[in-house]
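coords20.tsv follows; it contains TSV, C-alpha atoms.
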```tsv
chain	number	residue	atom	x	y	z
A	17	MET	CA	75.17	80.86	75.82
A	18	VAL	CA	77.34	81.97	78.76
A	19	ASN	CA	80.03	84.43	77.71
A	20	VAL	CA	83.22	84.45	79.76
A	21	ARG	CA	85.29	87.61	79.60
A	22	ALA	CA	87.80	89.24	81.94
A	23	GLY	CA	86.04	90.93	84.83
A	24	ASN	CA	82.58	89.38	84.59
A	25	TYR	CA	81.14	87.18	87.32
A	26	VAL	CA	81.78	83.88	85.55
A	27	TYR	CA	85.40	84.78	84.94
A	28	GLN	CA	85.86	85.84	88.59
A	29	LEU	CA	84.38	82.55	89.83
A	30	LEU	CA	86.71	80.56	87.58
A	31	GLN	CA	89.77	82.55	88.68
A	32	LEU	CA	88.85	82.23	92.34
A	33	LEU	CA	88.03	78.53	92.38
A	34	ALA	CA	91.11	77.68	90.32
A	35	LEU	CA	93.16	78.89	93.30
A	36	ALA	CA	90.93	78.32	96.31
A	37	GLY	CA	89.37	75.01	95.31
A	38	GLU	CA	86.14	75.84	97.11
A	39	PHE	CA	84.37	78.99	98.21
A	40	PRO	CA	81.70	79.57	100.90
A	41	ALA	CA	78.30	80.17	99.35
A	42	ALA	CA	77.50	82.61	102.15
A	43	SER	CA	80.36	84.88	101.00
A	44	LEU	CA	79.44	85.20	97.33
A	45	CYS	CA	78.42	88.79	98.10
A	46	LEU	CA	82.16	89.64	98.17
A	47	LEU	CA	82.12	89.35	94.38
A	48	GLY	CA	79.33	91.86	93.81
A	49	ASN	CA	75.52	91.81	93.74
A	50	GLU	CA	74.59	88.86	95.96
A	51	ARG	CA	71.21	88.16	94.33
A	52	VAL	CA	72.66	88.18	90.82
A	53	ILE	CA	75.66	86.01	91.73
A	54	LYS	CA	73.59	83.41	93.58
A	55	ALA	CA	71.23	83.15	90.61
A	56	LEU	CA	74.25	82.74	88.33
A	57	VAL	CA	75.74	80.01	90.52
A	58	HIS	CA	72.44	78.12	90.43
A	59	ARG	CA	72.38	78.45	86.64
A	60	LEU	CA	75.96	77.20	86.33
A	61	GLU	CA	75.10	74.02	88.23
A	62	SER	CA	73.35	72.92	85.01
A	63	VAL	CA	74.97	72.17	81.65
A	64	GLN	CA	75.58	75.38	79.71
A	65	GLU	CA	77.22	76.42	76.48
A	66	MET	CA	80.20	78.59	77.38
A	67	ARG	CA	82.45	80.70	75.20
A	68	PHE	CA	85.54	82.71	76.18
A	69	SER	CA	86.08	86.12	74.65
A	70	THR	CA	89.70	85.11	73.91
A	71	GLY	CA	88.75	82.34	71.46
A	72	GLY	CA	85.96	80.90	69.43
A	73	GLN	CA	85.71	77.45	71.04
A	74	VAL	CA	82.38	76.63	72.67
A	75	TYR	CA	82.39	74.40	75.76
A	76	VAL	CA	79.28	72.46	76.78
A	77	THR	CA	79.63	71.68	80.48
A	78	LYS	CA	78.54	72.18	84.04
A	79	LEU	CA	80.76	74.79	85.62
A	80	LEU	CA	79.90	74.47	89.31
A	81	GLN	CA	78.66	72.11	91.96
A	82	VAL	CA	77.39	73.19	95.37
A	83	SER	CA	77.34	70.93	98.41
A	84	GLY	CA	76.99	71.07	102.20
A	85	GLN	CA	74.52	72.64	104.58
A	86	ARG	CA	74.13	76.13	106.01
A	87	GLU	CA	77.45	77.81	106.92
A	88	ARG	CA	79.39	74.89	105.45
A	89	ARG	CA	77.69	75.18	102.08
A	90	THR	CA	80.52	75.30	99.58
A	91	VAL	CA	80.98	75.97	95.85
A	92	HIS	CA	83.38	73.82	93.76
A	93	LEU	CA	84.33	73.61	90.15
A	94	HIS	CA	82.66	70.64	88.44
A	95	ARG	CA	85.21	68.05	87.30
A	96	SER	CA	84.15	68.42	83.67
A	97	THR	CA	85.14	72.10	83.85
A	98	LEU	CA	88.86	71.45	84.35
A	99	PRO	CA	89.81	71.80	80.65
A	100	LEU	CA	88.44	75.36	80.79
A	101	LEU	CA	91.21	76.36	83.22
A	102	GLN	CA	93.62	76.42	80.30
A	103	GLU	CA	91.66	79.41	79.01
A	104	LEU	CA	92.65	81.33	82.15
A	105	HIS	CA	96.37	80.61	81.97
A	106	SER	CA	98.59	77.88	80.61
A	107	GLU	CA	99.60	76.88	84.17
A	108	ALA	CA	96.19	77.22	85.84
A	109	SER	CA	95.11	73.62	85.35
A	110	ALA	CA	98.42	72.16	86.59
A	111	TYR	CA	98.34	74.39	89.67
A	112	TYR	CA	94.79	73.37	90.50
A	113	LEU	CA	95.38	69.62	90.07
A	114	ASP	CA	98.61	69.70	92.05
A	115	THR	CA	97.17	71.79	94.89
A	116	PHE	CA	93.95	69.83	95.28
A	117	GLN	CA	95.23	66.30	94.64
A	118	GLY	CA	93.59	65.95	91.28
A	119	HIS	CA	90.24	67.52	92.30
A	120	LYS	CA	89.83	65.81	95.70
A	121	PHE	CA	88.40	67.63	98.70
A	122	SER	CA	88.01	66.58	102.32
A	123	GLY	CA	84.57	66.75	103.91
A	124	SER	CA	85.97	67.49	107.36
A	125	GLU	CA	84.91	70.73	109.00
A	126	TYR	CA	88.54	71.69	109.66
A	127	HIS	CA	89.60	71.42	106.01
A	128	ILE	CA	86.48	73.15	104.69
A	129	THR	CA	86.87	76.04	107.14
A	130	ARG	CA	90.57	76.40	106.32
A	131	ASN	CA	89.84	76.45	102.59
A	132	HIS	CA	87.09	79.01	103.12
A	133	ARG	CA	89.40	81.30	105.10
A	134	VAL	CA	91.93	81.26	102.30
A	135	ALA	CA	89.24	81.64	99.62
A	136	GLU	CA	87.72	84.75	101.21
A	137	ALA	CA	91.15	86.36	101.53
A	138	ILE	CA	91.83	85.66	97.83
A	139	ALA	CA	88.44	87.16	96.93
A	140	VAL	CA	89.12	90.36	98.88
A	141	ALA	CA	92.53	90.70	97.21
A	142	MET	CA	91.04	90.05	93.78
A	143	MET	CA	88.25	92.60	94.21
A	144	ALA	CA	90.75	95.18	95.54
A	145	GLY	CA	92.74	94.88	92.31
A	146	LEU	CA	95.78	93.05	93.73
A	147	GLU	CA	97.64	90.47	91.66
A	148	PHE	CA	96.81	87.16	93.29
A	149	ARG	CA	97.54	84.41	90.72
A	150	PRO	CA	100.54	82.32	91.87
A	151	TYR	CA	101.34	81.26	88.31
A	152	VAL	CA	101.68	84.95	87.34
A	153	LEU	CA	103.47	86.23	90.45
A	154	PRO	CA	107.23	85.73	90.78
A	155	LYS	CA	107.93	82.95	93.27
A	156	LEU	CA	109.30	84.02	96.63
A	157	GLN	CA	112.77	82.68	97.38
A	158	ASN	CA	114.88	82.41	100.51
A	159	SER	CA	118.41	82.08	99.18
A	160	ALA	CA	119.49	85.59	98.17
A	161	ILE	CA	118.56	89.26	98.55
A	162	LEU	CA	116.69	90.06	95.35
A	163	HIS	CA	113.83	92.40	94.51
A	164	THR	CA	111.44	89.61	93.56
A	165	VAL	CA	108.00	91.01	94.28
A	166	PRO	CA	106.31	93.22	91.65
A	167	THR	CA	105.64	96.91	92.19
A	168	LYS	CA	101.89	96.28	91.87
A	169	PRO	CA	100.24	95.30	95.18
A	170	SER	CA	100.18	91.50	95.33
A	171	PHE	CA	98.68	88.73	97.45
A	172	TYR	CA	100.68	85.56	98.03
A	173	ILE	CA	98.78	82.51	99.30
A	174	ALA	CA	100.34	81.05	102.44
A	175	ARG	CA	100.51	77.51	101.07
A	176	ASP	CA	102.83	78.74	98.34
A	177	PHE	CA	105.33	80.73	100.40
A	178	LYS	CA	105.45	78.15	103.21
A	179	GLU	CA	107.41	75.93	100.85
A	180	THR	CA	110.24	78.35	100.09
A	181	GLU	CA	112.68	76.23	102.06
A	182	SER	CA	112.72	72.69	103.39
A	183	ASP	CA	111.95	73.56	107.00
A	184	GLY	CA	109.41	76.27	106.17
A	185	MET	CA	106.52	74.11	107.32
A	186	ASN	CA	108.20	73.68	110.72
A	187	LYS	CA	108.17	77.45	111.16
A	188	THR	CA	104.61	78.01	110.04
A	189	MET	CA	102.72	74.76	110.53
A	190	PHE	CA	100.83	76.02	113.58
A	191	THR	CA	100.05	79.49	112.28
A	192	ARG	CA	96.64	80.64	111.09
A	193	ILE	CA	98.16	82.94	108.49
A	194	VAL	CA	96.37	82.62	105.13
A	195	GLY	CA	98.60	84.82	103.00
A	196	ALA	CA	100.78	87.89	102.67
A	197	VAL	CA	100.21	91.20	100.89
A	198	PHE	CA	103.19	93.04	99.42
A	199	TYR	CA	102.98	96.65	98.28
A	200	THR	CA	105.49	99.42	97.65
A	201	GLY	CA	107.15	99.99	101.00
A	202	GLY	CA	105.49	97.30	103.06
A	203	CYS	CA	104.14	93.81	103.70
A	204	TYR	CA	101.20	92.50	105.71
A	205	ALA	CA	100.64	89.06	107.15
A	206	VAL	CA	97.01	88.18	106.40
A	207	TYR	CA	94.61	86.42	108.77
A	208	ASN	CA	90.92	85.64	108.39
A	209	THR	CA	88.95	85.03	111.55
A	210	ARG	CA	85.57	84.98	109.72
A	211	GLY	CA	82.83	85.12	112.40
A	212	ALA	CA	84.87	84.10	115.44
A	213	VAL	CA	87.42	85.69	117.73
A	214	MET	CA	90.87	84.95	116.35
A	215	LYS	CA	92.63	82.20	118.29
A	216	TRP	CA	96.27	83.19	118.11
A	217	ALA	CA	98.76	80.35	118.18
A	218	GLY	CA	101.15	82.19	120.51
A	219	MET	CA	104.72	81.33	119.64
A	220	GLY	CA	103.55	79.80	116.34
A	221	GLU	CA	102.45	83.24	115.11
A	222	PHE	CA	105.65	84.81	116.45
A	223	LYS	CA	107.77	82.34	114.45
A	224	ALA	CA	105.59	82.87	111.37
A	225	MET	CA	106.10	86.63	111.66
A	226	HIS	CA	109.87	86.21	111.72
A	227	TYR	CA	109.75	83.77	108.80
A	228	LEU	CA	107.68	86.21	106.73
A	229	SER	CA	110.07	89.02	107.74
A	230	GLU	CA	112.95	87.02	106.30
A	231	LEU	CA	111.04	86.49	103.05
A	232	ALA	CA	110.21	90.20	102.91
A	233	ARG	CA	113.88	91.10	103.46
A	234	ARG	CA	115.08	88.76	100.72
A	235	ASN	CA	112.32	89.46	98.18
A	236	ALA	CA	111.23	93.07	98.80
A	237	GLY	CA	114.14	94.78	100.53
A	238	LEU	CA	112.10	95.33	103.73
A	239	SER	CA	113.69	95.24	107.18
A	240	ASP	CA	110.83	93.36	108.82
A	241	VAL	CA	107.09	92.66	108.86
A	242	ASN	CA	105.38	94.37	111.80
A	243	SER	CA	101.85	94.68	110.39
A	244	ALA	CA	98.96	92.31	109.75
A	245	LEU	CA	95.54	92.42	108.15
A	246	LEU	CA	92.73	90.76	110.12
A	247	LEU	CA	89.64	89.89	108.06
A	248	GLY	CA	86.32	89.24	109.80
A	249	ASN	CA	82.65	88.89	108.95
A	250	ASN	CA	81.56	92.14	110.57
A	251	PRO	CA	82.84	94.96	112.82
A	252	ASP	CA	81.63	93.17	115.96
A	253	VAL	CA	84.40	90.63	115.34
A	254	ALA	CA	86.87	93.49	115.78
A	255	LEU	CA	85.31	94.41	119.14
A	256	GLN	CA	85.31	90.83	120.41
A	257	THR	CA	88.90	90.34	119.28
A	258	ILE	CA	90.24	93.35	121.17
A	259	LEU	CA	88.17	92.50	124.26
A	260	GLU	CA	89.54	88.96	124.21
A	261	SER	CA	93.07	90.30	123.90
A	262	ASP	CA	92.71	91.97	127.31
A	263	LYS	CA	92.52	88.51	128.92
A	264	ASN	CA	95.96	87.37	127.70
A	265	ARG	CA	99.54	88.30	128.43
A	266	ARG	CA	100.78	90.84	125.88
A	267	ALA	CA	103.49	88.53	124.53
A	268	LEU	CA	100.79	86.09	123.39
A	269	ARG	CA	98.33	88.71	122.14
A	270	PHE	CA	98.11	89.74	118.51
A	271	ASP	CA	99.44	93.20	119.45
A	272	GLY	CA	102.42	91.48	121.05
A	273	VAL	CA	103.32	89.84	117.74
A	274	TYR	CA	102.47	92.69	115.34
A	275	GLN	CA	102.75	96.40	116.13
A	276	HIS	CA	99.86	97.12	113.75
A	277	VAL	CA	96.82	94.93	113.08
A	278	HIS	CA	94.34	96.43	110.62
A	279	PHE	CA	90.78	95.09	110.73
A	280	LEU	CA	89.01	94.66	107.38
A	281	PRO	CA	85.37	93.52	107.31
A	282	LEU	CA	84.52	90.87	104.71
A	283	ASN	CA	82.37	93.24	102.67
A	284	PRO	CA	82.85	96.13	100.20
A	285	ASP	CA	84.11	98.40	103.02
A	286	GLY	CA	86.97	96.00	103.71
A	287	ILE	CA	87.83	95.77	100.03
A	288	ARG	CA	87.96	99.56	99.74
A	289	LEU	CA	90.11	99.82	102.86
A	290	LEU	CA	92.57	97.29	101.42
A	291	LYS	CA	92.94	99.52	98.37
A	292	LEU	CA	93.89	102.41	100.67
A	293	LEU	CA	96.29	100.33	102.76
A	294	THR	CA	98.26	99.23	99.70
A	295	LEU	CA	98.93	102.72	98.35
A	296	PRO	CA	102.59	103.80	98.53
A	297	ASN	CA	103.14	105.83	101.71
A	298	TRP	CA	99.44	105.50	102.57
A	299	ASN	CA	99.89	106.40	106.24
A	300	GLU	CA	101.39	109.80	105.53
A	301	LYS	CA	98.81	110.46	102.80
A	302	ILE	CA	95.92	109.85	105.22
A	303	ARG	CA	97.40	112.04	107.94
A	304	ALA	CA	98.21	114.82	105.50
A	305	ALA	CA	94.63	114.74	104.21
A	306	LEU	CA	93.24	115.03	107.75
A	307	PHE	CA	95.60	117.32	109.63
A	308	SER	CA	97.54	120.47	108.85
A	309	PRO	CA	101.28	120.48	109.67
A	310	GLU	CA	100.61	122.72	112.68
A	311	MET	CA	98.34	120.05	114.20
A	312	ARG	CA	100.84	117.21	113.83
A	313	PRO	CA	102.99	116.31	116.88
A	314	GLN	CA	106.76	116.54	116.63
A	315	GLY	CA	108.90	113.71	118.03
A	316	PHE	CA	107.53	111.12	120.45
A	317	GLY	CA	104.32	111.81	122.37
A	318	PHE	CA	103.11	110.57	125.73
A	319	MET	CA	100.65	108.19	124.02
A	320	GLU	CA	99.29	107.19	120.60
A	321	TYR	CA	97.77	110.20	118.82
A	322	ASP	CA	98.09	111.92	115.44
A	323	ALA	CA	97.16	115.56	115.99
A	324	VAL	CA	96.18	118.22	118.51
A	325	ALA	CA	93.48	120.80	117.87
A	326	ASN	CA	92.22	123.28	120.47
A	327	GLY	CA	93.56	121.15	123.31
A	328	THR	CA	91.96	117.92	121.99
A	329	PHE	CA	94.23	114.98	121.18
A	330	ILE	CA	93.12	113.20	118.01
A	331	LEU	CA	93.74	109.63	116.86
A	332	SER	CA	92.98	108.49	113.31
A	333	HIS	CA	91.44	105.02	113.17
A	334	LEU	CA	90.77	105.21	109.44
A	335	ASP	CA	93.32	102.44	108.95
A	336	GLY	CA	91.39	100.11	111.30
A	337	ASP	CA	94.52	99.48	113.42
A	338	LEU	CA	93.31	97.50	116.44
A	339	ALA	CA	96.75	97.20	118.04
A	340	ARG	CA	97.19	100.96	118.03
A	341	LEU	CA	93.66	101.38	119.36
A	342	ILE	CA	94.45	99.11	122.30
A	343	ARG	CA	97.55	101.16	123.15
A	344	PHE	CA	95.46	104.34	122.90
A	345	ARG	CA	92.83	103.09	125.33
A	346	GLU	CA	95.37	101.68	127.77
A	347	ALA	CA	96.91	105.15	128.11
A	348	LEU	CA	93.62	107.00	128.67
A	349	PRO	CA	93.38	106.46	132.47
A	350	THR	CA	96.80	108.10	132.89
A	351	GLN	CA	95.73	111.27	131.09
A	352	VAL	CA	93.23	113.05	133.32
A	353	ASN	CA	91.72	116.41	132.37
A	354	LYS	CA	92.55	115.92	128.70
A	355	HIS	CA	90.12	115.71	125.79
A	356	PHE	CA	90.32	112.97	123.15
A	357	GLU	CA	88.81	112.36	119.74
A	358	VAL	CA	89.00	109.45	117.28
A	359	VAL	CA	88.45	109.93	113.55
A	360	CYS	CA	86.74	106.93	111.98
A	361	PHE	CA	84.52	105.65	109.19
A	362	PRO	CA	80.78	105.23	109.91
A	363	TRP	CA	81.05	101.42	109.87
A	364	GLN	CA	83.66	101.59	112.66
A	365	GLN	CA	81.56	103.78	114.92
A	366	GLU	CA	79.66	101.06	116.81
A	367	TYR	CA	82.63	99.01	117.96
A	368	LEU	CA	84.70	102.10	118.76
A	369	HIS	CA	81.97	103.51	120.99
A	370	ALA	CA	81.57	100.15	122.72
A	371	TYR	CA	85.32	99.91	123.34
A	372	LEU	CA	86.15	103.51	124.23
A	373	GLY	CA	82.96	104.61	125.95
A	374	ASP	CA	81.55	108.13	126.17
A	375	SER	CA	84.77	109.84	127.25
A	376	VAL	CA	86.18	109.82	123.70
A	377	LYS	CA	84.42	111.76	120.95
A	378	LEU	CA	84.07	110.10	117.56
A	379	ARG	CA	84.32	112.16	114.38
A	380	LEU	CA	82.99	110.43	111.28
A	381	ILE	CA	84.61	110.67	107.84
A	382	GLU	CA	82.97	109.20	104.77
A	383	MET	CA	85.21	106.79	102.90
A	384	GLU	CA	84.41	108.51	99.60
A	385	ALA	CA	85.85	111.78	100.93
A	386	LEU	CA	89.14	110.15	101.91
A	387	GLU	CA	89.38	108.22	98.65
A	388	HIS	CA	88.89	111.48	96.75
A	389	GLU	CA	91.81	113.05	98.61
A	390	ILE	CA	94.45	110.31	98.42
A	391	ILE	CA	93.71	108.05	95.43
```
Show me, as structure tokens, the structure contained in the file I just sent.
Amino acid sequence: MVNVRAGNYVYQLLQLLALAGEFPAASLCLLGNERVIKALVHRLESVQEMRFSTGGQVYVTKLLQVSGQRERRTVHLHRSTLPLLQELHSEASAYYLDTFQGHKFSGSEYHITRNHRVAEAIAVAMMAGLEFRPYVLPKLQNSAILHTVPTKPSFYIARDFKETESDGMNKTMFTRIVGAVFYTGGCYAVYNTRGAVMKWAGMGEFKAMHYLSELARRNAGLSDVNSALLLGNNPDVALQTILESDKNRRALRFDGVYQHVHFLPLNPDGIRLLKLLTLPNWNEKIRAALFSPEMRPQGFGFMEYDAVANGTFILSHLDGDLARLIRFREALPTQVNKHFEVVCFPWQQEYLHAYLGDSVKLRLIEMEALEHEII
């Protein structure tokens, strides 16, 4: 007997696949213990007796089917499982069938990769404790200024908010945006580059940013959206992304579209960082935890930095902001005879050293220590 209750692995898989349609087998580790989850997925490919904690009915069914090879190996719900979606929410089954054309999936590499990008973003949001279910979240609208979004941090899937007006697809059809995160005081556009350098769609991303800004103004009372989250398989993706940005004109670079681009690895570190970045007033909380008022600069400085101590100019990279990091490095050659330090997490150390070289000292902060101070 397989018991399904809120929070366990089976429940998470059902919730995720009801929205994403398919999920990359290689990313199951996002949900917890990789060995345990893979064994569970294999078990759920066979007929099992299943019972939800919310009711006494027993279902006898296959839950999952797995297909594809290597990096394209993908996990789907089995067709016979669809009646179980009603146990999640009264609208879950209708959403799934409408979104995925009655349980039909393309075998093309483009469609699989796109679905996987969205699925991983949903998984990160789910594991970070954000509300991510479109049939629970209030729908975004583009007709009036209302406070639509909930106070709890929330993830909206791009396919849902692209349809808020008739020409929405014209504004966002060429973007690689996979969703948007709203939290008290802010909104992020969400991208997932997985294992490759992000290929920005130039003006397409610029138009998408303005479209999301309009939605944020009408639904959350925000003036604009100037920040993005960039998900990637590992920290080396962050390094390759910022190195690639140096080859393009600023207007077409990601830091030309968004003033802040926070890199989150597709692993538990990225999930924990998302929790920090969706706290109310998170930026001030981090700086206050790191630097005394006497160390903080007043007014505008000559470059990006957060504090000065004993003649050393200090930048905090605990938020993973690649755009700010680029501006910091670009200013370094103009500041001779000055000392610089970057505060970072251990998992950021390798790409920061590769990008900044030996002239900038790195000071490591454990994530647990920061979490203890601000959560």
Task: Near-Val63 of chain A list (9 Å; only C-alpha atoms; drop same-chain fewer than 6 positions) as number ranges by chain - done: A: 76-79
May I have the residues from that selection written out with C-alpha atoms, as a PDB file, in the coordinates of the input?
```pdb
ATOM      1  CA  VAL A  76      79.280  72.460  76.780  1.00  0.00           C
ATOM      2  CA  THR A  77      79.630  71.680  80.480  1.00  0.00           C
ATOM      3  CA  LYS A  78      78.540  72.180  84.040  1.00  0.00           C
ATOM      4  CA  LEU A  79      80.760  74.790  85.620  1.00  0.00           C
TER       5      LEU A  79
END
```
Open item on the list: With all atoms listed in the file as the counted atoms, please give the residues lying no more than 12 Å from Glu346 of chain A, apart from itself and same-chain residues fewer than 3 positions off, as a PyMOL selection string.
Closed with: chain A and resi 258+262+318-320+339-343+349-351+371-372
Task: Contacts of Asp322 of chain A at 7 Å (all atoms listed in the file; same-chain gap of 3+ positions) as JSON, numbers by chain - done: {"A": [312, 313, 330, 331, 332]}
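In this model, the gap between atom CA of Asn250 of chain A and atom CA of Ile391 of chain A comes to 25.1 Å.
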Open item on the list: One decimal, in Å: what's the spacing between atom CA of Leu44 of chain A and atom CA of Val91 of chain A?
Closed with: 9.5 Å
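We find atom CA of Ala36 of chain A and atom CA of Asn242 of chain A to be spaced 26.6 Å apart.
Minimum atom-to-atom distances from A:Gly373, A:Pro154, A:Gly237, A:Gly248 to Leu348 of chain A were compared using all atoms listed in the file, and the lowest value belongs to A:Gly373.
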Task: Which residue of A:Ala236, A:Val277, A:Leu153, A:Leu380 approaches Tyr204 of chain A most closely, using all atoms listed in the file - done: A:Val277
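Among A:Ile161, A:Leu246, A:Ala232, A:Leu295, the residue with the shortest atom-to-atom distance to Gly336 of chain A, counting only C-alpha atoms, is A:Leu246.
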- [ ] List the neighbours of Ala110 of chain A out to 12 Å using all atoms listed in the file; skip same-chain residues closer than 4 positions along the sequence, and give me the result as a VMD selection string.
- [x] chain A and resid 34 to 35 98 to 102 104 to 106 114 to 119 150 to 151
- [ ] For segment 84-90 of chain A, please output as an NGL selection string all residues within 6 Å (counting only C-alpha atoms; exclusion window: fewer than 2 positions along the same chain).
- [x] :A and (39-41 or 82)
Residue rebuild result segment 98-124 of chain A, N, CA and C atoms as a short mmCIF file (atom, residue, chain, number, x, y, z; two decimals), in the frame of the given file:
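Result written to out16.cif:
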```cif
data_model
loop_
_atom_site.label_atom_id
_atom_site.label_comp_id
_atom_site.auth_asym_id
_atom_site.auth_seq_id
_atom_site.Cartn_x
_atom_site.Cartn_y
_atom_site.Cartn_z
N LEU A 98 87.42 71.28 84.24
CA LEU A 98 88.86 71.45 84.35
C LEU A 98 89.56 71.84 83.05
N PRO A 99 89.15 71.34 81.90
CA PRO A 99 89.81 71.80 80.65
C PRO A 99 89.67 73.31 80.41
N LEU A 100 88.64 73.93 80.99
CA LEU A 100 88.44 75.36 80.79
C LEU A 100 89.53 76.19 81.48
N LEU A 101 90.20 75.61 82.48
CA LEU A 101 91.21 76.36 83.22
C LEU A 101 92.36 76.80 82.31
N GLN A 102 92.58 76.04 81.24
CA GLN A 102 93.62 76.42 80.30
C GLN A 102 93.32 77.76 79.63
N GLU A 103 92.04 78.12 79.59
CA GLU A 103 91.66 79.41 79.01
C GLU A 103 92.08 80.58 79.91
N LEU A 104 92.23 80.29 81.22
CA LEU A 104 92.65 81.33 82.15
C LEU A 104 94.14 81.60 82.04
N HIS A 105 94.91 80.51 82.02
CA HIS A 105 96.37 80.61 81.97
C HIS A 105 96.91 79.22 81.67
N SER A 106 98.03 79.18 81.00
CA SER A 106 98.59 77.88 80.61
C SER A 106 98.97 77.01 81.80
N GLU A 107 99.21 77.64 82.98
CA GLU A 107 99.60 76.88 84.17
C GLU A 107 98.47 76.72 85.18
N ALA A 108 97.29 77.25 84.87
CA ALA A 108 96.19 77.22 85.84
C ALA A 108 95.74 75.81 86.16
N SER A 109 95.59 74.98 85.14
CA SER A 109 95.11 73.62 85.35
C SER A 109 96.10 72.80 86.17
N ALA A 110 97.39 72.91 85.85
CA ALA A 110 98.42 72.16 86.59
C ALA A 110 98.47 72.60 88.04
N TYR A 111 98.34 73.90 88.29
CA TYR A 111 98.34 74.39 89.67
C TYR A 111 97.16 73.82 90.44
N TYR A 112 96.00 73.86 89.85
CA TYR A 112 94.79 73.37 90.50
C TYR A 112 94.92 71.88 90.83
N LEU A 113 95.31 71.08 89.87
CA LEU A 113 95.38 69.62 90.07
C LEU A 113 96.45 69.26 91.08
N ASP A 114 97.55 69.98 91.09
CA ASP A 114 98.61 69.70 92.05
C ASP A 114 98.21 70.12 93.46
N THR A 115 97.54 71.27 93.58
CA THR A 115 97.17 71.79 94.89
C THR A 115 96.05 70.97 95.54
N PHE A 116 95.13 70.50 94.73
CA PHE A 116 93.95 69.83 95.28
C PHE A 116 93.91 68.34 94.90
N GLN A 117 95.10 67.74 94.83
CA GLN A 117 95.23 66.30 94.64
C GLN A 117 94.33 65.77 93.53
N GLY A 118 94.38 66.42 92.40
CA GLY A 118 93.59 65.95 91.28
C GLY A 118 92.10 66.11 91.46
N HIS A 119 91.67 67.22 92.10
CA HIS A 119 90.24 67.52 92.30
C HIS A 119 89.63 66.65 93.41
N LYS A 120 90.35 66.55 94.54
CA LYS A 120 89.83 65.81 95.70
C LYS A 120 89.76 66.77 96.88
N PHE A 121 88.62 66.74 97.58
CA PHE A 121 88.40 67.63 98.70
C PHE A 121 87.90 66.86 99.91
N SER A 122 88.44 67.21 101.08
CA SER A 122 88.01 66.58 102.32
C SER A 122 86.67 67.15 102.76
N GLY A 123 85.85 66.30 103.38
CA GLY A 123 84.57 66.75 103.91
C GLY A 123 84.64 67.16 105.36
N SER A 124 85.84 67.15 105.95
CA SER A 124 85.97 67.49 107.36
C SER A 124 85.76 68.99 107.57
#
```
